[in-house]
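Chemist: Sharing input-v2.pdb (PDB, C-alpha atoms) below.
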```pdb
ATOM      1  CA  MET A   1      21.781  -3.466  11.800
ATOM      2  CA  LYS A   2      25.302  -2.351  12.527
ATOM      3  CA  PHE A   3      27.659  -5.332  12.307
ATOM      4  CA  SER A   4      29.610  -4.373  15.415
ATOM      5  CA  LYS A   5      26.463  -4.215  17.567
ATOM      6  CA  LEU A   6      25.226  -7.584  16.362
ATOM      7  CA  LEU A   7      28.688  -9.149  16.770
ATOM      8  CA  SER A   8      28.819  -7.869  20.336
ATOM      9  CA  GLY A   9      25.413  -9.331  21.044
ATOM     10  CA  LEU A  10      26.330 -12.696  19.559
ATOM     11  CA  PHE A  11      29.555 -12.772  21.572
ATOM     12  CA  ALA A  12      27.543 -12.232  24.737
ATOM     13  CA  CYS A  13      25.216 -15.014  23.640
ATOM     14  CA  VAL A  14      28.150 -17.416  23.124
ATOM     15  CA  LEU A  15      29.370 -16.621  26.629
ATOM     16  CA  SER A  16      25.902 -17.310  28.021
ATOM     17  CA  ALA A  17      25.933 -20.707  26.291
ATOM     18  CA  VAL A  18      28.748 -21.981  28.516
ATOM     19  CA  PRO A  19      27.454 -25.033  30.442
ATOM     20  CA  LEU A  20      25.499 -23.854  33.459
ATOM     21  CA  ALA A  21      27.425 -26.139  35.803
ATOM     22  CA  ALA A  22      30.617 -24.265  34.945
ATOM     23  CA  VAL A  23      29.137 -20.964  35.961
ATOM     24  CA  ALA A  24      26.698 -22.122  38.619
ATOM     25  CA  GLN A  25      27.491 -19.140  40.790
ATOM     26  CA  GLN A  26      26.596 -16.735  37.990
ATOM     27  CA  PRO A  27      22.979 -15.782  37.248
ATOM     28  CA  ILE A  28      21.418 -16.584  33.887
ATOM     29  CA  VAL A  29      21.190 -13.240  32.103
ATOM     30  CA  ILE A  30      18.143 -12.484  29.961
ATOM     31  CA  LYS A  31      18.347  -9.397  27.804
ATOM     32  CA  PHE A  32      14.817  -8.049  27.320
ATOM     33  CA  SER A  33      14.765  -5.358  24.626
ATOM     34  CA  HIS A  34      11.851  -3.105  23.648
ATOM     35  CA  VAL A  35      11.298   0.137  21.741
ATOM     36  CA  VAL A  36       8.950   2.198  23.942
ATOM     37  CA  ALA A  37       9.510   4.324  27.032
ATOM     38  CA  HIS A  38      10.040   2.681  30.414
ATOM     39  CA  ASP A  39       6.906   4.336  31.834
ATOM     40  CA  THR A  40       4.514   2.914  29.211
ATOM     41  CA  PRO A  41       2.377  -0.153  30.007
ATOM     42  CA  LYS A  42       4.883  -2.394  28.207
ATOM     43  CA  GLY A  43       7.865  -0.743  29.855
ATOM     44  CA  LEU A  44       6.362  -1.060  33.329
ATOM     45  CA  ALA A  45       5.334  -4.671  32.724
ATOM     46  CA  ALA A  46       8.850  -5.568  31.523
ATOM     47  CA  GLU A  47      10.295  -4.128  34.735
ATOM     48  CA  PHE A  48       7.670  -6.020  36.773
ATOM     49  CA  PHE A  49       8.628  -9.277  35.033
ATOM     50  CA  ALA A  50      12.327  -8.631  35.664
ATOM     51  CA  LYS A  51      11.679  -8.090  39.376
ATOM     52  CA  ARG A  52       9.481 -11.178  39.781
ATOM     53  CA  ALA A  53      11.861 -13.330  37.744
ATOM     54  CA  GLY A  54      14.680 -12.474  40.131
ATOM     55  CA  GLU A  55      12.512 -13.096  43.184
ATOM     56  CA  LEU A  56      10.968 -16.387  42.065
ATOM     57  CA  THR A  57      14.288 -17.856  40.874
ATOM     58  CA  LYS A  58      16.043 -16.552  44.033
ATOM     59  CA  GLY A  59      18.602 -14.729  41.932
ATOM     60  CA  LYS A  60      19.299 -17.539  39.468
ATOM     61  CA  VAL A  61      17.994 -15.306  36.685
ATOM     62  CA  LYS A  62      18.802 -11.662  36.060
ATOM     63  CA  VAL A  63      16.565  -9.915  33.514
ATOM     64  CA  GLU A  64      18.147  -6.806  31.997
ATOM     65  CA  VAL A  65      15.511  -4.534  30.431
ATOM     66  CA  TYR A  66      16.582  -2.211  27.604
ATOM     67  CA  ALA A  67      13.853   0.356  26.866
ATOM     68  CA  ASN A  68      13.339   3.049  24.218
ATOM     69  CA  SER A  69      15.278   1.330  21.395
ATOM     70  CA  THR A  70      18.525   1.659  23.366
ATOM     71  CA  LEU A  71      19.659  -1.800  22.276
ATOM     72  CA  TYR A  72      17.816  -2.474  19.017
ATOM     73  CA  LYS A  73      15.330  -0.517  16.927
ATOM     74  CA  ASP A  74      12.050  -1.716  15.429
ATOM     75  CA  LYS A  75      13.565  -3.212  12.306
ATOM     76  CA  GLU A  76      16.497  -4.814  14.115
ATOM     77  CA  GLU A  77      15.078  -6.488  17.173
ATOM     78  CA  MET A  78      13.407  -9.539  15.611
ATOM     79  CA  GLU A  79      16.569 -10.530  13.765
ATOM     80  CA  ALA A  80      18.574 -10.001  16.952
ATOM     81  CA  LEU A  81      16.243 -12.370  18.833
ATOM     82  CA  GLN A  82      16.377 -15.064  16.167
ATOM     83  CA  LEU A  83      20.174 -14.895  16.145
ATOM     84  CA  GLY A  84      20.328 -15.042  19.930
ATOM     85  CA  ALA A  85      21.792 -11.567  20.493
ATOM     86  CA  VAL A  86      18.864 -10.913  22.864
ATOM     87  CA  GLN A  87      16.730 -13.471  24.632
ATOM     88  CA  MET A  88      13.350 -11.725  24.986
ATOM     89  CA  LEU A  89      11.274  -9.109  23.194
ATOM     90  CA  ALA A  90       7.723  -7.788  23.357
ATOM     91  CA  PRO A  91       7.135  -6.560  19.786
ATOM     92  CA  SER A  92       3.829  -5.161  18.656
ATOM     93  CA  LEU A  93       1.575  -7.702  16.984
ATOM     94  CA  ALA A  94       2.039  -5.985  13.614
ATOM     95  CA  LYS A  95       5.644  -7.278  13.558
ATOM     96  CA  PHE A  96       4.653 -10.900  12.983
ATOM     97  CA  GLY A  97       3.168 -10.457   9.516
ATOM     98  CA  PRO A  98       6.559  -9.450   8.057
ATOM     99  CA  LEU A  99       8.040 -12.415   9.964
ATOM    100  CA  GLY A 100       5.813 -14.666   7.864
ATOM    101  CA  VAL A 101       3.022 -15.376  10.350
ATOM    102  CA  LYS A 102       0.268 -13.419   8.642
ATOM    103  CA  GLU A 103      -2.446 -14.662  10.977
ATOM    104  CA  PHE A 104      -1.289 -12.108  13.555
ATOM    105  CA  GLU A 105      -2.463  -9.348  11.236
ATOM    106  CA  LEU A 106      -6.008  -9.991  12.437
ATOM    107  CA  PHE A 107      -5.120  -7.698  15.362
ATOM    108  CA  ASP A 108      -4.525  -4.841  12.902
ATOM    109  CA  LEU A 109      -8.041  -5.042  11.471
ATOM    110  CA  PRO A 110     -10.087  -1.939  12.312
ATOM    111  CA  TYR A 111     -12.829  -2.190  14.930
ATOM    112  CA  ILE A 112     -12.472  -5.975  15.260
ATOM    113  CA  PHE A 113     -12.544  -5.456  19.060
ATOM    114  CA  ASP A 114     -14.850  -2.912  20.664
ATOM    115  CA  ASN A 115     -13.494  -3.351  24.171
ATOM    116  CA  TYR A 116     -11.051  -5.297  26.339
ATOM    117  CA  THR A 117     -13.613  -7.993  27.153
ATOM    118  CA  GLU A 118     -13.940  -8.944  23.484
ATOM    119  CA  LEU A 119     -10.181  -8.712  23.019
ATOM    120  CA  HIS A 120      -9.348 -11.000  25.929
ATOM    121  CA  LYS A 121     -11.723 -13.685  24.681
ATOM    122  CA  VAL A 122      -9.220 -14.017  21.819
ATOM    123  CA  THR A 123      -5.828 -13.273  23.387
ATOM    124  CA  GLN A 124      -6.468 -15.276  26.556
ATOM    125  CA  GLY A 125      -8.347 -18.127  24.902
ATOM    126  CA  PRO A 126      -7.617 -21.002  22.502
ATOM    127  CA  ILE A 127      -7.253 -18.690  19.486
ATOM    128  CA  GLY A 128      -4.482 -16.749  21.187
ATOM    129  CA  GLN A 129      -2.630 -19.913  22.194
ATOM    130  CA  SER A 130      -2.841 -21.342  18.669
ATOM    131  CA  LEU A 131      -1.394 -18.109  17.287
ATOM    132  CA  LEU A 132       1.570 -18.187  19.668
ATOM    133  CA  LYS A 133       2.301 -21.784  18.610
ATOM    134  CA  LYS A 134       2.660 -20.632  15.006
ATOM    135  CA  LEU A 135       5.815 -18.716  15.965
ATOM    136  CA  GLU A 136       7.845 -21.797  16.884
ATOM    137  CA  PRO A 137       8.971 -22.709  13.328
ATOM    138  CA  LYS A 138      10.568 -19.233  13.239
ATOM    139  CA  GLY A 139      12.777 -20.073  16.226
ATOM    140  CA  VAL A 140      10.525 -18.101  18.555
ATOM    141  CA  VAL A 141       8.527 -19.121  21.629
ATOM    142  CA  GLY A 142       5.383 -17.104  22.313
ATOM    143  CA  LEU A 143       4.882 -16.554  26.034
ATOM    144  CA  ALA A 144       2.000 -14.116  26.446
ATOM    145  CA  PHE A 145      -0.070 -11.285  25.009
ATOM    146  CA  TRP A 146       0.227  -7.873  26.666
ATOM    147  CA  ASP A 147      -2.212  -5.030  26.111
ATOM    148  CA  ASN A 148      -1.290  -1.482  25.269
ATOM    149  CA  GLY A 149      -4.556   0.045  24.205
ATOM    150  CA  PHE A 150      -6.838   1.195  21.444
ATOM    151  CA  LYS A 151      -5.418   3.529  18.809
ATOM    152  CA  SER A 152      -6.717   6.948  17.855
ATOM    153  CA  PHE A 153      -5.801   9.310  15.036
ATOM    154  CA  SER A 154      -3.872  12.538  15.550
ATOM    155  CA  ALA A 155      -3.081  15.284  13.046
ATOM    156  CA  ASN A 156      -2.533  19.036  12.818
ATOM    157  CA  THR A 157      -6.025  19.584  11.439
ATOM    158  CA  PRO A 158      -9.366  18.645  13.074
ATOM    159  CA  ILE A 159     -10.613  15.072  12.678
ATOM    160  CA  ARG A 160     -14.347  14.484  12.901
ATOM    161  CA  MET A 161     -15.171  12.282   9.914
ATOM    162  CA  PRO A 162     -13.196   9.911   7.646
ATOM    163  CA  ALA A 163     -13.017  12.598   4.944
ATOM    164  CA  ASP A 164     -10.915  14.750   7.285
ATOM    165  CA  LEU A 165      -7.967  12.396   6.741
ATOM    166  CA  LYS A 166      -8.162  12.464   2.939
ATOM    167  CA  GLY A 167      -4.728  13.084   1.421
ATOM    168  CA  LYS A 168      -2.980  13.118   4.808
ATOM    169  CA  LYS A 169       0.314  11.263   5.244
ATOM    170  CA  ILE A 170      -0.281   8.958   8.225
ATOM    171  CA  ARG A 171       2.514   7.054   9.935
ATOM    172  CA  ILE A 172       1.865   3.351  10.465
ATOM    173  CA  GLN A 173       3.791   0.250  11.413
ATOM    174  CA  SER A 174       4.797  -2.126   8.647
ATOM    175  CA  SER A 175       1.560  -4.024   8.003
ATOM    176  CA  LYS A 176      -0.379  -4.745   4.820
ATOM    177  CA  VAL A 177      -3.596  -4.510   6.826
ATOM    178  CA  LEU A 178      -2.699  -1.080   8.198
ATOM    179  CA  GLU A 179      -1.729   0.100   4.717
ATOM    180  CA  GLU A 180      -5.166  -0.931   3.481
ATOM    181  CA  GLU A 181      -6.786   0.751   6.474
ATOM    182  CA  ILE A 182      -5.194   4.110   5.689
ATOM    183  CA  ARG A 183      -6.017   3.821   1.979
ATOM    184  CA  ALA A 184      -9.657   3.094   2.877
ATOM    185  CA  LEU A 185      -9.685   6.579   4.413
ATOM    186  CA  SER A 186      -8.190   8.061   1.207
ATOM    187  CA  ALA A 187      -5.048   8.897   3.183
ATOM    188  CA  LEU A 188      -1.421   8.002   2.444
ATOM    189  CA  PRO A 189       0.220   5.282   4.592
ATOM    190  CA  GLN A 190       3.800   6.023   5.664
ATOM    191  CA  VAL A 191       5.719   3.099   7.192
ATOM    192  CA  MET A 192       8.256   4.368   9.714
ATOM    193  CA  ALA A 193      10.209   3.137  12.753
ATOM    194  CA  PHE A 194       8.625   4.152  16.041
ATOM    195  CA  SER A 195      11.756   5.983  17.195
ATOM    196  CA  GLU A 196      11.540   8.305  14.163
ATOM    197  CA  VAL A 197       7.899   9.370  14.498
ATOM    198  CA  TYR A 198       8.266  12.424  16.736
ATOM    199  CA  GLN A 199      10.762  14.125  14.424
ATOM    200  CA  ALA A 200       8.714  13.203  11.349
ATOM    201  CA  LEU A 201       5.630  14.824  12.888
ATOM    202  CA  GLN A 202       7.633  17.835  14.032
ATOM    203  CA  THR A 203       9.119  18.470  10.579
ATOM    204  CA  GLY A 204       5.984  17.671   8.600
ATOM    205  CA  VAL A 205       7.394  14.562   6.920
ATOM    206  CA  VAL A 206       4.117  12.992   8.011
ATOM    207  CA  ASP A 207       0.861  14.767   8.869
ATOM    208  CA  GLY A 208      -0.459  12.432  11.504
ATOM    209  CA  ALA A 209      -0.313   9.053  13.182
ATOM    210  CA  GLU A 210      -2.354   6.385  14.950
ATOM    211  CA  ASN A 211      -1.378   5.547  18.515
ATOM    212  CA  PRO A 212      -2.703   4.427  21.862
ATOM    213  CA  ILE A 213      -2.711   7.467  24.129
ATOM    214  CA  SER A 214       0.149   6.156  26.277
ATOM    215  CA  ASN A 215       2.477   6.145  23.254
ATOM    216  CA  LEU A 216       1.282   9.558  22.095
ATOM    217  CA  TYR A 217       1.988  10.986  25.547
ATOM    218  CA  THR A 218       5.221   9.266  26.593
ATOM    219  CA  GLN A 219       6.856   9.950  23.214
ATOM    220  CA  LYS A 220       5.664  13.584  23.446
ATOM    221  CA  MET A 221       3.924  13.372  20.070
ATOM    222  CA  TYR A 222       1.110  15.481  21.509
ATOM    223  CA  GLU A 223       3.568  18.404  21.464
ATOM    224  CA  VAL A 224       3.650  18.307  17.658
ATOM    225  CA  GLN A 225       0.035  17.319  16.954
ATOM    226  CA  LYS A 226      -2.708  19.915  17.373
ATOM    227  CA  HIS A 227      -5.668  17.540  17.174
ATOM    228  CA  LEU A 228      -6.503  14.105  18.546
ATOM    229  CA  ALA A 229      -9.751  12.306  17.685
ATOM    230  CA  LEU A 230     -10.702   9.417  19.962
ATOM    231  CA  THR A 231     -11.538   7.068  17.100
ATOM    232  CA  GLU A 232     -10.305   3.972  18.997
ATOM    233  CA  HIS A 233     -10.373   2.272  15.611
ATOM    234  CA  GLY A 234      -7.696  -0.320  16.177
ATOM    235  CA  TYR A 235      -5.877  -2.274  18.844
ATOM    236  CA  LEU A 236      -2.180  -2.175  19.671
ATOM    237  CA  GLY A 237      -0.829  -4.991  21.758
ATOM    238  CA  TYR A 238       2.301  -7.052  22.117
ATOM    239  CA  ALA A 239       3.379 -10.662  22.150
ATOM    240  CA  VAL A 240       6.105 -11.425  24.655
ATOM    241  CA  ILE A 241       8.491 -13.805  22.936
ATOM    242  CA  ALA A 242      11.761 -15.595  23.633
ATOM    243  CA  ASN A 243      14.495 -17.191  21.567
ATOM    244  CA  LYS A 244      13.298 -20.814  21.287
ATOM    245  CA  LYS A 245      16.715 -22.463  21.681
ATOM    246  CA  PHE A 246      17.515 -20.366  24.746
ATOM    247  CA  TRP A 247      14.106 -20.866  26.373
ATOM    248  CA  GLU A 248      14.010 -24.618  25.875
ATOM    249  CA  GLY A 249      17.611 -24.874  27.093
ATOM    250  CA  LEU A 250      16.744 -23.458  30.515
ATOM    251  CA  PRO A 251      16.554 -25.858  33.483
ATOM    252  CA  ALA A 252      12.960 -27.032  33.834
ATOM    253  CA  ASP A 253      12.534 -25.560  37.316
ATOM    254  CA  VAL A 254      13.846 -22.166  36.215
ATOM    255  CA  ARG A 255      11.623 -22.162  33.150
ATOM    256  CA  GLY A 256       8.616 -22.947  35.326
ATOM    257  CA  GLN A 257       9.451 -20.076  37.670
ATOM    258  CA  LEU A 258       9.803 -17.702  34.716
ATOM    259  CA  GLU A 259       6.444 -18.854  33.363
ATOM    260  CA  THR A 260       4.901 -17.965  36.735
ATOM    261  CA  ALA A 261       6.610 -14.560  36.630
ATOM    262  CA  MET A 262       5.261 -14.036  33.107
ATOM    263  CA  LYS A 263       1.720 -14.972  34.162
ATOM    264  CA  GLU A 264       1.887 -12.401  36.964
ATOM    265  CA  ALA A 265       3.436  -9.785  34.669
ATOM    266  CA  THR A 266       0.684 -10.336  32.098
ATOM    267  CA  ALA A 267      -2.053  -9.758  34.659
ATOM    268  CA  TYR A 268      -0.216  -6.612  35.760
ATOM    269  CA  ALA A 269       0.351  -5.400  32.181
ATOM    270  CA  ASN A 270      -3.284  -5.768  31.209
ATOM    271  CA  LYS A 271      -4.476  -4.119  34.421
ATOM    272  CA  ILE A 272      -2.338  -1.025  34.018
ATOM    273  CA  ALA A 273      -2.821  -0.630  30.260
ATOM    274  CA  LYS A 274      -6.259   0.982  30.473
ATOM    275  CA  GLU A 275      -5.372   2.886  33.642
ATOM    276  CA  GLN A 276      -2.249   4.308  32.006
ATOM    277  CA  ASN A 277      -4.047   5.324  28.823
ATOM    278  CA  ASP A 278      -6.805   7.051  30.815
ATOM    279  CA  LYS A 279      -4.202   8.861  32.931
ATOM    280  CA  ASP A 280      -2.173   9.916  29.893
ATOM    281  CA  LEU A 281      -5.281  11.145  28.076
ATOM    282  CA  ASP A 282      -5.985  13.424  31.011
ATOM    283  CA  ALA A 283      -2.378  14.677  30.849
ATOM    284  CA  VAL A 284      -2.681  15.372  27.111
ATOM    285  CA  ARG A 285      -5.854  17.374  27.748
ATOM    286  CA  LYS A 286      -4.229  19.351  30.558
ATOM    287  CA  SER A 287      -1.168  20.147  28.437
ATOM    288  CA  GLY A 288      -3.248  22.454  26.260
ATOM    289  CA  LYS A 289      -1.117  21.543  23.252
ATOM    290  CA  THR A 290      -3.563  19.121  21.667
ATOM    291  CA  GLN A 291      -7.312  19.514  21.276
ATOM    292  CA  VAL A 292      -8.955  16.196  22.167
ATOM    293  CA  TYR A 293     -12.224  15.339  20.438
ATOM    294  CA  ALA A 294     -14.566  12.508  21.430
ATOM    295  CA  LEU A 295     -16.522  11.245  18.430
ATOM    296  CA  THR A 296     -20.306  11.178  18.505
ATOM    297  CA  PRO A 297     -21.935   7.761  17.918
ATOM    298  CA  GLU A 298     -22.752   8.893  14.362
ATOM    299  CA  GLU A 299     -19.158   9.913  13.665
ATOM    300  CA  ARG A 300     -17.822   6.659  15.086
ATOM    301  CA  LEU A 301     -20.245   4.718  12.881
ATOM    302  CA  ALA A 302     -18.996   6.657   9.853
ATOM    303  CA  PHE A 303     -15.442   5.507  10.605
ATOM    304  CA  LYS A 304     -16.642   1.927  11.118
ATOM    305  CA  LYS A 305     -18.430   1.921   7.767
ATOM    306  CA  ALA A 306     -15.446   3.443   5.977
ATOM    307  CA  LEU A 307     -13.079   0.841   7.426
ATOM    308  CA  ALA A 308     -15.275  -2.294   7.303
ATOM    309  CA  PRO A 309     -14.216  -3.150   3.702
ATOM    310  CA  VAL A 310     -10.653  -3.685   4.980
ATOM    311  CA  HIS A 311     -11.829  -6.914   6.618
ATOM    312  CA  LEU A 312     -13.092  -8.359   3.341
ATOM    313  CA  LYS A 313     -10.006  -7.276   1.402
ATOM    314  CA  MET A 314      -7.662  -8.864   3.955
ATOM    315  CA  GLU A 315      -9.695 -12.033   4.490
ATOM    316  CA  SER A 316      -7.582 -14.204   2.202
ATOM    317  CA  ARG A 317      -4.367 -12.867   3.709
ATOM    318  CA  VAL A 318      -5.265 -13.364   7.359
ATOM    319  CA  GLY A 319      -7.362 -16.502   6.834
ATOM    320  CA  LYS A 320     -11.120 -16.738   6.441
ATOM    321  CA  GLU A 321     -11.572 -19.564   8.954
ATOM    322  CA  LEU A 322      -9.506 -17.730  11.583
ATOM    323  CA  LEU A 323     -11.471 -14.515  11.088
ATOM    324  CA  GLN A 324     -14.786 -16.311  11.367
ATOM    325  CA  SER A 325     -13.682 -17.838  14.677
ATOM    326  CA  VAL A 326     -12.716 -14.361  15.954
ATOM    327  CA  TYR A 327     -16.006 -12.838  14.793
ATOM    328  CA  LYS A 328     -17.809 -15.599  16.674
ATOM    329  CA  GLU A 329     -16.023 -14.559  19.869
ATOM    330  CA  THR A 330     -16.408 -10.793  19.436
ATOM    331  CA  GLY A 331     -19.730 -10.468  17.610
ATOM    332  CA  PHE A 332     -18.225  -8.227  14.926
ATOM    333  CA  ASP A 333     -19.848  -8.386  11.488
ATOM    334  CA  PRO A 334     -17.978  -6.529   8.705
ATOM    335  CA  ALA A 335     -21.137  -6.569   6.597
ATOM    336  CA  LYS A 336     -23.064  -4.741   9.347
ATOM    337  CA  PRO A 337     -20.585  -2.512  11.198
TER
END
```
Please go through the file and, once you have read it, give me the structure as structure tokens.

Modeler:
Amino acid sequence: MKFSKLLSGLFACVLSAVPLAAVAQQPIVIKFSHVVAHDTPKGLAAEFFAKRAGELTKGKVKVEVYANSTLYKDKEEMEALQLGAVQMLAPSLAKFGPLGVKEFELFDLPYIFDNYTELHKVTQGPIGQSLLKKLEPKGVVGLAFWDNGFKSFSANTPIRMPADLKGKKIRIQSSKVLEEEIRALSALPQVMAFSEVYQALQTGVVDGAENPISNLYTQKMYEVQKHLALTEHGYLGYAVIANKKFWEGLPADVRGQLETAMKEATAYANKIAKEQNDKDLDAVRKSGKTQVYALTPEERLAFKKALAPVHLKMESRVGKELLQSVYKETGFDPAKP
């Protein structure tokens, strides 16, 4: 991270730490940074939260949303939050493994959720709450889980079966589970910041990627990928988080109002996620730039069988007891995909 940018952020944070009584007429400013486009499910939900936060606090809080990596990039934002240069983020769940909370990597496991109903049993239930609590020793408060959608593979060559990805360089987020996933397909995992993916696909630095459709469309990756297979092999979601010291330092009434705004924003985020992905898939089809292929049940099963061993290999990393509790909720059995 550039020193000047971080210094500027910290200076702003110091100013915001002035006793509230001394600046009672000034709103509490929350910088909410994220790395995707403003018209993605996460981007729209962040704007919804900002609006409701202002309304419910009657102007006591002003949420400033910085989309598309305009403030911090993938690799910078978590450090910025921990240092207090920003107050809120909504990083993808793959970001918490590198932070040291490996249990979050369960969300990277292939085919662990077949649909949103199974997913929400985990994210909106006791398991999800226990996971968010694990962030607190890192100076982070977990506020909510937001959906994006289920990921599918794209490339410049047709994808029908796992063997079609053999030898391909596939962009992934930084995640040991995702690395293992790509290797299980005999492909080559390429860890790369989200903001760099379009150019890497355009120039052939990588051959393909895995994305929810909303990311593929809003980042215009479909323009540089000739084929998209609707594998829906993995989930991409976010945890909305805040700097712990900042959050706990808020007046109790303001914090309660923000929690209400977050509850409303979460319901909105999860409602629009599927709608947005369906809408963007239709737009990708209509563009004529990418051929979209829906897998047959037999082809989908072939991907499930190829990727099931990832669960067993990652069991000790994610936690056997945690995985068993998730399997109980979702009905997934890695031995019988």

Chemist: Using the chain letters and numbering of this document, enumerate as a count of residues only the residues selected by the PyMOL selection byres ((chain A and resi 312) around 12).

Modeler: 25

Chemist: Name the residues in contact with Leu185 (chain A) at a cut-off of 7 Å, using only C-alpha atoms, excluding same-chain residues fewer than 6 positions from it; report them as a PyMOL selection string.

Modeler: chain A and resi 162-163+165-166+306

Chemist: For the residues selected in the previous step, produce a file with C-alpha atoms as a PDB file, in the coordinates of the input.

Modeler:
```
ATOM      1  CA  PRO A 162     -13.196   9.911   7.646  1.00  0.00           C
ATOM      2  CA  ALA A 163     -13.017  12.598   4.944  1.00  0.00           C
ATOM      3  CA  LEU A 165      -7.967  12.396   6.741  1.00  0.00           C
ATOM      4  CA  LYS A 166      -8.162  12.464   2.939  1.00  0.00           C
ATOM      5  CA  ALA A 306     -15.446   3.443   5.977  1.00  0.00           C
TER       6      ALA A 306
END
```

Chemist: When distances are computed from only C-alpha atoms, which of A:Leu83, A:Leu258, A:Ile30, A:Ile182 shows the smallest separation from Leu143 (chain A)?

Modeler: A:Leu258

Chemist: Taking all atoms of region 35-54 of chain A that the file lists, what box with edges along x, y and z, padded by 4 Å per side, do you get, with centre and edge lengths in Å to one decimal, as lines of an AutoDock Vina configuration file?

Modeler:
```
center_x = 8.5
center_y = -4.5
center_z = 30.9
size_x = 20.3
size_y = 25.7
size_z = 26.4
```

Chemist: For CA of Gln82 (chain A) and CA of Val140 (chain A), determine how far apart the two atoms are, in Å to one decimal place.

Modeler: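 Those two atoms sit 7.0 Å apart.
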
Chemist: With all atoms listed in the file as the basis for distance, which of A:Ala94, A:Leu250, A:Val224, A:Ala46 is at the shortest distance from Lys60 (chain A)?

Modeler: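 Counting all atoms listed in the file, the residue closest to Lys60 (chain A) is A:Leu250.
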
Chemist: Evaluate the PyMOL selection byres ((chain A and resi 266) around 9) here and jot the selected residues down as a list in words.

Modeler: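 So the PyMOL selection byres ((chain A and resi 266) around 9) ends up selecting Ala45, Phe49, Ala144, Phe145, Trp146, Asp147, Ala261, Met262, Lys263, Glu264, Ala265, Ala267, Tyr268, Ala269, Asn270 and Lys271 of chain A.
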
Chemist: Enumerate, as a list in words, the residues matched when the PyMOL selection byres ((chain A and resi 299) around 12) is run on the file above.

Modeler: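 What the PyMOL selection byres ((chain A and resi 299) around 12) grabs from the file is Ile159, Arg160, Met161, Pro162, Ala163, Asp164, Ala229, Leu230, Thr231, Glu232, His233, Tyr293, Ala294, Leu295, Thr296, Pro297, Glu298, Arg300, Leu301, Ala302, Phe303, Lys304, Lys305 and Ala306 of chain A.
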